[in-house]
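Accompanying notes for the structure given below.
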Amino acid sequence: GTLRVSAPTSFGRLHIAPHLNAFLDRNPDLVVHLELSDSFVDIVGEGYDLAVRIGELDDSSFVARRLAPNHRLLVATPGYLDARGRPATLADLGDHVLLAHNADTWRLEGPGGLQTVRLHGPLRTNSSEVVREAVLAGIGIALRSTWDVGPELKDGRLEVVLPHWR
């Protein structure tokens with residue numbers, strides 16, 4: 001048989017691809033079609049059997065199982081922050097390069113409740129992988145999931161910006 005799976009690019013690379021060998025060994029008669037994309041995918045219309053999504057489930061016709069919490073933090077390299085300054089308030093983000101994919105705003109929750117930050121900067125992309133590489137290259141500040149940048153936060157390549165906002 002065939003199993004058609006859809007997942008976001010970074011998540012698929014970090015958390016699905018490393019387990020494919022063991023999964024395929026245990027299921028020798030199965031062919032896996034793994035489609036990674038950061039764009040909207042019509043799960044039913046395109047015939048997927050399984051989809052991994054990050055966020056809340058809107059369509060109640062799907063059967064969903066929460067795999068893990070998704071904590072997102074503002075992050076940047078120490079070098080970027082040394083050069084451009086460390087924001088002390090959300091308003092300070094106006095002086096910084098903000099990196100995102102497929103978004104014009106960030107909705108952040110923190111001490112002031114829910115706030116919207118309008119995004120600006122020299123880079124627009126549909127790829128979360130490009131945002132990940134851009135923040136690691138020191139181009140700006142990004143809102144990233146801990147599952148995506150945990151190792152870089154632990155080893156100091158990235159640091160949390162405005163830690164009370166998520």
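Ordered as shown in the structure tokens, chains take letters A, B, and onward, while each chain numbers its residues from 1 and ligands are numbered from 1 in the order shown.
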
Residue list (alpha helix (DSSP H), DSSP) for chain A, as number ranges by chain = A: 9-11, 20-26, 78-84, 128-136, 146-154

12 Å contact set for A:Ala17, only C-alpha atoms, chain neighbours under 6 positions out, as an MDAnalysis selection string = chainID A and resid 5 7:11 23:24 32:36

Tell me, as a ChimeraX atom specification, which residues lie within 12 Å of stretch 108-117 of chain A, counting only C-alpha atoms; anything in the same chain fewer than 5 positions away does not count.
-> /A:71-74,89-94,96,98-100,103,143,162-166

Expected file: the selected residues, C-alpha atoms, as an mmCIF file, in the first residue's frame:
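Listed below is the output, selection.cif:
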```
data_model
loop_
_atom_site.group_PDB
_atom_site.id
_atom_site.type_symbol
_atom_site.label_atom_id
_atom_site.label_comp_id
_atom_site.auth_asym_id
_atom_site.auth_seq_id
_atom_site.Cartn_x
_atom_site.Cartn_y
_atom_site.Cartn_z
ATOM 1 C CA HIS A 71 6.051 26.974 22.030
ATOM 2 C CA ARG A 72 7.228 29.820 19.820
ATOM 3 C CA LEU A 73 9.813 32.364 20.906
ATOM 4 C CA LEU A 74 11.427 35.439 19.393
ATOM 5 C CA THR A 89 9.708 46.361 24.565
ATOM 6 C CA LEU A 90 7.529 45.245 21.650
ATOM 7 C CA ALA A 91 7.742 48.804 20.283
ATOM 8 C CA ASP A 92 11.527 48.381 20.016
ATOM 9 C CA LEU A 93 10.945 45.718 17.324
ATOM 10 C CA GLY A 94 10.253 48.635 14.958
ATOM 11 C CA HIS A 96 14.827 45.669 13.879
ATOM 12 C CA LEU A 98 11.845 40.924 11.438
ATOM 13 C CA LEU A 99 11.969 37.604 9.585
ATOM 14 C CA ALA A 100 8.868 35.543 8.803
ATOM 15 C CA ALA A 103 2.942 36.426 7.203
ATOM 16 C CA LEU A 143 9.530 33.832 15.741
ATOM 17 C CA LEU A 162 11.721 39.616 24.732
ATOM 18 C CA PRO A 163 11.314 36.337 26.667
ATOM 19 C CA HIS A 164 7.946 37.325 28.173
ATOM 20 C CA TRP A 165 6.357 37.397 24.690
ATOM 21 C CA ARG A 166 5.354 34.256 22.792
#
```

Apply DSSP to the structure's backbone, then extract all residues of chain A labelled strand (DSSP E or B) and return them as a VMD selection string.
-> chain A and resid 2 to 7 31 to 36 50 to 51 72 to 76 98 to 99 101 105 to 110 113 to 118 125 141 to 145 159 to 161

Save out the residues we just selected, C-alpha atoms, as a compact mmCIF listing (two decimals), in the first residue's frame.
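In the end it all went to result35.txt:
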```txt
# COMPACT_ATOMS: atom_id res chain seq x y z
CA THR A 2 0.83 3.67 -0.13
CA LEU A 3 0.79 6.23 2.69
CA ARG A 4 0.55 9.89 1.59
CA VAL A 5 1.84 12.25 4.26
CA SER A 6 1.93 16.05 4.32
CA ALA A 7 4.06 18.04 6.80
CA VAL A 31 5.46 3.09 0.02
CA VAL A 32 5.58 6.48 1.77
CA HIS A 33 4.91 9.62 -0.25
CA LEU A 34 6.19 12.38 2.05
CA GLU A 35 5.33 15.87 0.80
CA LEU A 36 6.95 18.75 2.68
CA LEU A 50 -2.02 11.83 7.20
CA ALA A 51 -0.99 15.44 7.77
CA ARG A 72 7.23 29.82 19.82
CA LEU A 73 9.81 32.36 20.91
CA LEU A 74 11.43 35.44 19.39
CA VAL A 75 15.06 34.60 18.68
CA ALA A 76 18.16 36.16 17.14
CA LEU A 98 11.85 40.92 11.44
CA LEU A 99 11.97 37.60 9.59
CA HIS A 101 7.40 33.32 6.14
CA THR A 105 2.01 40.21 11.29
CA TRP A 106 2.92 38.29 14.43
CA ARG A 107 0.31 37.79 17.13
CA LEU A 108 2.19 37.71 20.41
CA GLU A 109 0.93 37.06 23.90
CA GLY A 110 2.70 38.53 26.90
CA GLY A 113 -2.16 40.55 26.67
CA LEU A 114 -2.45 39.74 22.96
CA GLN A 115 -0.60 42.17 20.69
CA THR A 116 -0.07 42.33 16.93
CA VAL A 117 3.32 43.27 15.50
CA ARG A 118 3.45 44.39 11.88
CA THR A 125 9.74 34.20 1.68
CA ILE A 141 14.80 38.43 14.63
CA ALA A 142 12.43 35.52 13.97
CA LEU A 143 9.53 33.83 15.74
CA ARG A 144 10.52 30.16 15.85
CA SER A 145 9.21 27.02 17.50
CA GLU A 159 19.23 33.76 22.18
CA VAL A 160 15.69 34.58 23.20
CA VAL A 161 14.49 38.14 22.54
```

By how many Å are atom CA of A:Gly150 and atom CA of A:Leu67 apart?
->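 These atoms are spaced 17.1 Å apart.
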
Nearest to A:Ser61: which of A:Asp25, A:Gly156, A:Val44, A:Leu14 is it, counting only C-alpha atoms?
->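 Result for the nearest residue to A:Ser61: A:Val44.
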
What is the distance between atom CA of A:Ala64 and atom CA of A:Arg132, in Å to one decimal?
-> 27.1 Å

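Straight-line separation from atom CA of A:Asp82 to atom CA of A:Val131: 19.9 Å.
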